[in-house]
Each structure stands twice: as C-alpha cells, then as structure tokens.
>>> print(open('final-v9.tsv').read())   # TSV, N, CA and C atoms
chain	number	residue	atom	x	y	z
T	1	MET	N	2.14	167.61	164.29
T	1	MET	CA	0.77	167.67	163.81
T	1	MET	C	0.61	168.78	162.77
T	2	TYR	N	1.30	169.90	162.97
T	2	TYR	CA	1.17	171.03	162.05
T	2	TYR	C	1.57	170.64	160.63
T	3	TRP	N	2.72	169.97	160.50
T	3	TRP	CA	3.21	169.63	159.17
T	3	TRP	C	2.29	168.63	158.46
T	4	GLN	N	1.61	167.77	159.23
T	4	GLN	CA	0.66	166.83	158.63
T	4	GLN	C	-0.51	167.58	158.00
T	5	GLY	N	-0.95	168.62	158.68
T	5	GLY	CA	-2.03	169.45	158.13
T	5	GLY	C	-1.60	170.17	156.86
T	6	VAL	N	-0.37	170.66	156.87
T	6	VAL	CA	0.16	171.34	155.69
T	6	VAL	C	0.25	170.37	154.51
T	7	VAL	N	0.73	169.17	154.78
T	7	VAL	CA	0.85	168.16	153.72
T	7	VAL	C	-0.54	167.80	153.20
T	8	LEU	N	-1.48	167.61	154.08
T	8	LEU	CA	-2.84	167.24	153.68
T	8	LEU	C	-3.46	168.32	152.79
T	9	VAL	N	-3.33	169.57	153.19
T	9	VAL	CA	-3.88	170.68	152.40
T	9	VAL	C	-3.17	170.76	151.05
T	10	SER	N	-1.86	170.57	151.04
T	10	SER	CA	-1.09	170.63	149.79
T	10	SER	C	-1.52	169.53	148.83
T	11	VAL	N	-1.69	168.33	149.34
T	11	VAL	CA	-2.12	167.21	148.50
T	11	VAL	C	-3.52	167.46	147.96
T	12	ALA	N	-4.40	167.96	148.79
T	12	ALA	CA	-5.77	168.25	148.34
T	12	ALA	C	-5.76	169.31	147.24
T	13	ALA	N	-4.94	170.33	147.40
T	13	ALA	CA	-4.85	171.39	146.38
T	13	ALA	C	-4.29	170.82	145.08
T	14	LEU	N	-3.30	169.96	145.17
T	14	LEU	CA	-2.72	169.36	143.98
T	14	LEU	C	-3.75	168.52	143.23
T	15	PHE	N	-4.52	167.71	143.93
T	15	PHE	CA	-5.56	166.91	143.28
T	15	PHE	C	-6.62	167.80	142.65
T	16	ALA	N	-6.98	168.88	143.29
T	16	ALA	CA	-7.97	169.81	142.73
T	16	ALA	C	-7.46	170.41	141.43
T	17	LEU	N	-6.20	170.81	141.39
T	17	LEU	CA	-5.63	171.38	140.17
T	17	LEU	C	-5.53	170.34	139.06
T	18	MET	N	-5.13	169.14	139.40
T	18	MET	CA	-4.98	168.08	138.41
T	18	MET	C	-6.32	167.68	137.82
T	19	SER	N	-7.34	167.64	138.61
T	19	SER	CA	-8.65	167.18	138.13
T	19	SER	C	-9.36	168.24	137.31
T	20	LYS	N	-8.95	169.49	137.41
T	20	LYS	CA	-9.59	170.57	136.67
T	20	LYS	C	-9.56	170.31	135.16
T	21	GLY	N	-8.44	169.82	134.65
T	21	GLY	CA	-8.32	169.55	133.22
T	21	GLY	C	-9.16	168.39	132.75
T	22	PHE	N	-9.59	167.51	133.64
T	22	PHE	CA	-10.34	166.33	133.25
T	22	PHE	C	-11.83	166.44	133.54
T	23	SER	N	-12.26	167.54	134.10
T	23	SER	CA	-13.63	167.63	134.59
T	23	SER	C	-14.68	167.76	133.50
T	24	GLN	N	-14.40	168.49	132.43
T	24	GLN	CA	-15.40	168.74	131.41
T	24	GLN	C	-14.97	168.15	130.08
T	25	PRO	N	-15.72	167.21	129.53
T	25	PRO	CA	-15.38	166.72	128.19
T	25	PRO	C	-15.72	167.79	127.16
T	26	LEU	N	-15.08	167.75	126.01
T	26	LEU	CA	-15.39	168.68	124.95
T	26	LEU	C	-16.72	168.29	124.31
T	27	ALA	N	-17.48	169.28	123.94
T	27	ALA	CA	-18.73	169.01	123.24
T	27	ALA	C	-18.41	168.47	121.85
T	28	PRO	N	-19.27	167.61	121.31
T	28	PRO	CA	-19.03	167.10	119.97
T	28	PRO	C	-18.93	168.24	118.96
T	29	ALA	N	-18.01	168.12	118.04
T	29	ALA	CA	-17.84	169.16	117.02
T	29	ALA	C	-18.95	169.08	116.00
T	30	GLU	N	-19.30	170.22	115.45
T	30	GLU	CA	-20.31	170.26	114.40
T	30	GLU	C	-19.67	170.37	113.02
T	31	GLU	N	-18.39	170.73	113.01
T	31	GLU	CA	-17.68	170.92	111.76
T	31	GLU	C	-16.31	170.25	111.85
T	32	TYR	N	-15.86	169.74	110.70
T	32	TYR	CA	-14.57	169.07	110.63
T	32	TYR	C	-13.80	169.56	109.41
T	33	ILE	N	-12.49	169.51	109.50
T	33	ILE	CA	-11.65	169.75	108.34
T	33	ILE	C	-10.86	168.48	108.08
T	34	GLU	N	-10.41	168.32	106.84
T	34	GLU	CA	-9.57	167.18	106.52
T	34	GLU	C	-8.12	167.63	106.54
T	35	VAL	N	-7.30	166.88	107.25
T	35	VAL	CA	-5.89	167.17	107.38
T	35	VAL	C	-5.10	165.98	106.86
T	36	VAL	N	-4.15	166.26	105.97
T	36	VAL	CA	-3.28	165.21	105.45
T	36	VAL	C	-2.04	165.16	106.34
T	37	VAL	N	-1.78	164.00	106.90
T	37	VAL	CA	-0.62	163.82	107.78
T	37	VAL	C	0.66	163.96	106.95
T	38	GLN	N	1.56	164.82	107.43
T	38	GLN	CA	2.84	165.05	106.77
T	38	GLN	C	3.93	164.21	107.44
T	39	GLU	N	5.02	164.02	106.74
T	39	GLU	CA	6.18	163.31	107.30
T	39	GLU	C	6.59	163.97	108.61
T	40	GLY	N	6.72	163.19	109.67
T	40	GLY	CA	7.14	163.71	110.97
T	40	GLY	C	6.00	164.16	111.86
T	41	ASP	N	4.78	164.26	111.34
T	41	ASP	CA	3.63	164.65	112.16
T	41	ASP	C	3.30	163.57	113.18
T	42	THR	N	2.83	163.99	114.33
T	42	THR	CA	2.27	163.08	115.32
T	42	THR	C	0.84	163.52	115.58
T	43	LEU	N	0.06	162.65	116.12
T	43	LEU	CA	-1.32	163.00	116.45
T	43	LEU	C	-1.35	164.12	117.48
T	44	TRP	N	-0.40	164.09	118.42
T	44	TRP	CA	-0.30	165.14	119.44
T	44	TRP	C	-0.05	166.49	118.78
T	45	GLN	N	0.88	166.56	117.82
T	45	GLN	CA	1.18	167.82	117.14
T	45	GLN	C	-0.03	168.34	116.37
T	46	ILE	N	-0.72	167.44	115.70
T	46	ILE	CA	-1.90	167.84	114.94
T	46	ILE	C	-2.98	168.37	115.88
T	47	ALA	N	-3.18	167.68	116.98
T	47	ALA	CA	-4.19	168.12	117.96
T	47	ALA	C	-3.84	169.50	118.50
T	48	ARG	N	-2.59	169.73	118.83
T	48	ARG	CA	-2.19	171.04	119.36
T	48	ARG	C	-2.32	172.12	118.29
T	49	ARG	N	-2.00	171.78	117.05
T	49	ARG	CA	-2.06	172.75	115.95
T	49	ARG	C	-3.48	173.24	115.72
T	50	TYR	N	-4.46	172.37	115.86
T	50	TYR	CA	-5.84	172.72	115.53
T	50	TYR	C	-6.75	172.93	116.73
T	51	SER	N	-6.24	172.79	117.96
T	51	SER	CA	-7.11	172.92	119.12
T	51	SER	C	-7.15	174.32	119.70
T	52	GLY	N	-6.11	175.10	119.55
T	52	GLY	CA	-6.06	176.42	120.15
T	52	GLY	C	-5.63	176.33	121.60
T	53	PRO	N	-5.22	177.46	122.18
T	53	PRO	CA	-4.65	177.45	123.54
T	53	PRO	C	-5.65	177.15	124.64
T	54	GLU	N	-6.93	177.35	124.40
T	54	GLU	CA	-7.93	177.15	125.46
T	54	GLU	C	-8.42	175.71	125.55
T	55	VAL	N	-8.00	174.86	124.63
T	55	VAL	CA	-8.47	173.47	124.60
T	55	VAL	C	-7.33	172.55	125.00
T	56	ASP	N	-7.61	171.61	125.87
T	56	ASP	CA	-6.64	170.61	126.29
T	56	ASP	C	-6.34	169.69	125.11
T	57	ALA	N	-5.10	169.65	124.67
T	57	ALA	CA	-4.72	168.85	123.50
T	57	ALA	C	-5.02	167.37	123.70
T	58	ARG	N	-4.97	166.90	124.96
T	58	ARG	CA	-5.29	165.48	125.21
T	58	ARG	C	-6.72	165.17	124.81
T	59	LYS	N	-7.62	166.10	125.09
T	59	LYS	CA	-9.02	165.89	124.71
T	59	LYS	C	-9.18	165.92	123.20
T	60	MET	N	-8.41	166.80	122.55
T	60	MET	CA	-8.47	166.88	121.09
T	60	MET	C	-7.95	165.59	120.47
T	61	VAL	N	-6.87	165.03	121.02
T	61	VAL	CA	-6.35	163.75	120.53
T	61	VAL	C	-7.44	162.69	120.63
T	62	ASP	N	-8.13	162.64	121.75
T	62	ASP	CA	-9.21	161.66	121.92
T	62	ASP	C	-10.32	161.87	120.89
T	63	MET	N	-10.67	163.12	120.64
T	63	MET	CA	-11.72	163.40	119.65
T	63	MET	C	-11.29	162.97	118.26
T	64	ILE	N	-10.05	163.27	117.88
T	64	ILE	CA	-9.56	162.88	116.56
T	64	ILE	C	-9.54	161.36	116.43
T	65	ARG	N	-9.08	160.69	117.48
T	65	ARG	CA	-9.06	159.22	117.45
T	65	ARG	C	-10.48	158.67	117.30
T	66	ASP	N	-11.42	159.23	118.05
T	66	ASP	CA	-12.80	158.75	118.00
T	66	ASP	C	-13.42	158.93	116.62
T	67	VAL	N	-13.32	160.13	116.07
T	67	VAL	CA	-13.99	160.42	114.80
T	67	VAL	C	-13.35	159.68	113.63
T	68	ASN	N	-12.07	159.31	113.77
T	68	ASN	CA	-11.38	158.58	112.70
T	68	ASN	C	-11.25	157.09	112.97
T	69	ASP	N	-11.88	156.62	114.04
T	69	ASP	CA	-11.83	155.20	114.42
T	69	ASP	C	-10.40	154.68	114.51
T	70	LEU	N	-9.52	155.46	115.16
T	70	LEU	CA	-8.13	155.04	115.33
T	70	LEU	C	-8.00	154.25	116.63
T	71	SER	N	-7.42	153.07	116.54
T	71	SER	CA	-7.24	152.27	117.75
T	71	SER	C	-5.98	152.67	118.52
T	72	THR	N	-5.06	153.38	117.84
T	72	THR	CA	-3.86	153.89	118.49
T	72	THR	C	-3.66	155.35	118.05
T	73	ALA	N	-2.66	155.98	118.61
T	73	ALA	CA	-2.35	157.37	118.25
T	73	ALA	C	-1.31	157.44	117.14
T	74	VAL	N	-1.02	156.33	116.51
T	74	VAL	CA	-0.02	156.29	115.44
T	74	VAL	C	-0.67	156.74	114.14
T	75	VAL	N	-0.03	157.71	113.46
T	75	VAL	CA	-0.51	158.17	112.16
T	75	VAL	C	0.62	158.03	111.15
T	76	ARG	N	0.24	157.94	109.87
T	76	ARG	CA	1.22	157.74	108.80
T	76	ARG	C	1.15	158.89	107.80
T	77	PRO	N	2.29	159.26	107.21
T	77	PRO	CA	2.27	160.30	106.17
T	77	PRO	C	1.30	159.92	105.05
T	78	GLY	N	0.54	160.90	104.61
T	78	GLY	CA	-0.45	160.67	103.55
T	78	GLY	C	-1.83	160.32	104.08
T	79	GLN	N	-1.91	159.93	105.33
T	79	GLN	CA	-3.19	159.58	105.93
T	79	GLN	C	-4.05	160.84	106.03
T	80	VAL	N	-5.33	160.72	105.73
T	80	VAL	CA	-6.25	161.86	105.81
T	80	VAL	C	-7.08	161.70	107.07
T	81	LEU	N	-7.04	162.72	107.93
T	81	LEU	CA	-7.78	162.71	109.19
T	81	LEU	C	-8.86	163.77	109.20
T	82	LYS	N	-10.01	163.41	109.74
T	82	LYS	CA	-11.03	164.41	110.04
T	82	LYS	C	-10.66	165.02	111.39
T	83	VAL	N	-10.53	166.34	111.43
T	83	VAL	CA	-10.15	167.04	112.66
T	83	VAL	C	-11.27	168.01	113.03
T	84	PRO	N	-11.77	167.92	114.27
T	84	PRO	CA	-12.85	168.81	114.69
T	84	PRO	C	-12.42	170.28	114.67
T	85	VAL	N	-13.33	171.13	114.25
T	85	VAL	CA	-13.12	172.57	114.32
T	85	VAL	C	-13.80	173.05	115.60
T	86	LEU	N	-13.01	173.54	116.52
T	86	LEU	CA	-13.57	173.97	117.82
T	86	LEU	C	-13.58	175.47	117.95
>>> encode(input="final-v9.tsv", output="structure tokens")
Amino acid sequence: MYWQGVVLVSVAALFALMSKGFSQPLAPAEEYIEVVVQEGDTLWQIARRYSGPEVDARKMVDMIRDVNDLSTAVVRPGQVLKVPVL
C-alpha cells in the first residue's frame, strides 16, 4: 500500500509540473517585427531567438503561426514573418 501512495503522489506532482507550462496563454502582442527567414532557419529557432528565456517557445511558435496565417510550421528562405515583440 505504501508504494501505491508514493506512485500516486509522484504522478500527481508530474502532472502539476507538466501543466504549468500550458496554464497561461501569452497575451496578444502589441508590436511586431519583420523577420526574413534565412537558409536553415526553422520556426522553432526563430521563436526561441525572439521569445527570450521567460517565454515558452511553443507558445511563441503558435503566435507566429497565427499572426502569419501559417497552416504548418514549415518556413522557406526569403519568407517574411511578422514576429511578436514580447
């Protein structure tokens, strides 16, 4: 019985930690910059480059996709993206 309690508490703690990153959506940006996609860039790299350490890059990817009406996360060299300034 003891180990079942330990497992239950561990699983609950894990879910609490995992959900922390998804709990608050980012507020809509008021300012944007234009970024030209370079050879080898990915949307993930661009999001991390412009989001800063306190912002979840996954949320930034979603914001960039939304504001640029991207149906996928695929970007091409030369493409101009509006990137939120947070």
>>> residues_around(input="final-v9.tsv", residues="Ile46 (chain T)", least_positions_apart="3", cutoff="8 Å", atoms="only N, CA and C atoms", output="JSON, numbers by chain")
{"T": [41, 42, 43, 49, 50, 51, 57, 60, 61, 83]}
>>> closest_residue(input="final-v9.tsv", among="T:Arg76, T:Lys82, T:Arg65, T:Lys59", to="Gln38 (chain T)", atoms="all atoms listed in the file")
T:Arg76
>>> atom_distance(input="final-v9.tsv", atom1="CA of Tyr32 (chain T)", atom2="CA of Gln45 (chain T)")
17.1 Å
>>> atom_distance(input="final-v9.tsv", atom1="CA of Val85 (chain T)", atom2="CA of Ala29 (chain T)")
6.4 Å
>>> atom_distance(input="final-v9.tsv", atom1="atom C of Asp66 (chain T)", atom2="CA of Pro53 (chain T)")
21.6 Å
>>> closest_residue(input="final-v9.tsv", among="T:Gly78, T:Gly52, T:Asp69, T:Pro84", to="Glu39 (chain T)", atoms="all atoms listed in the file")
T:Gly78
>>> closest_residue(input="final-v9.tsv", among="T:Thr72, T:Arg58, T:Val36, T:Glu31", to="Leu86 (chain T)", atoms="only N, CA and C atoms")
T:Glu31
>>> closest_residue(input="final-v9.tsv", among="T:Val80, T:Glu54, T:Leu70, T:Ile64", to="Val35 (chain T)", atoms="only N, CA and C atoms")
T:Val80
>>> select_by_dssp(input="final-v9.tsv", residues="region 19-85 of chain T", states="alpha helix (DSSP H)", output="number ranges by chain")
T: 19-20, 43-51, 57-67
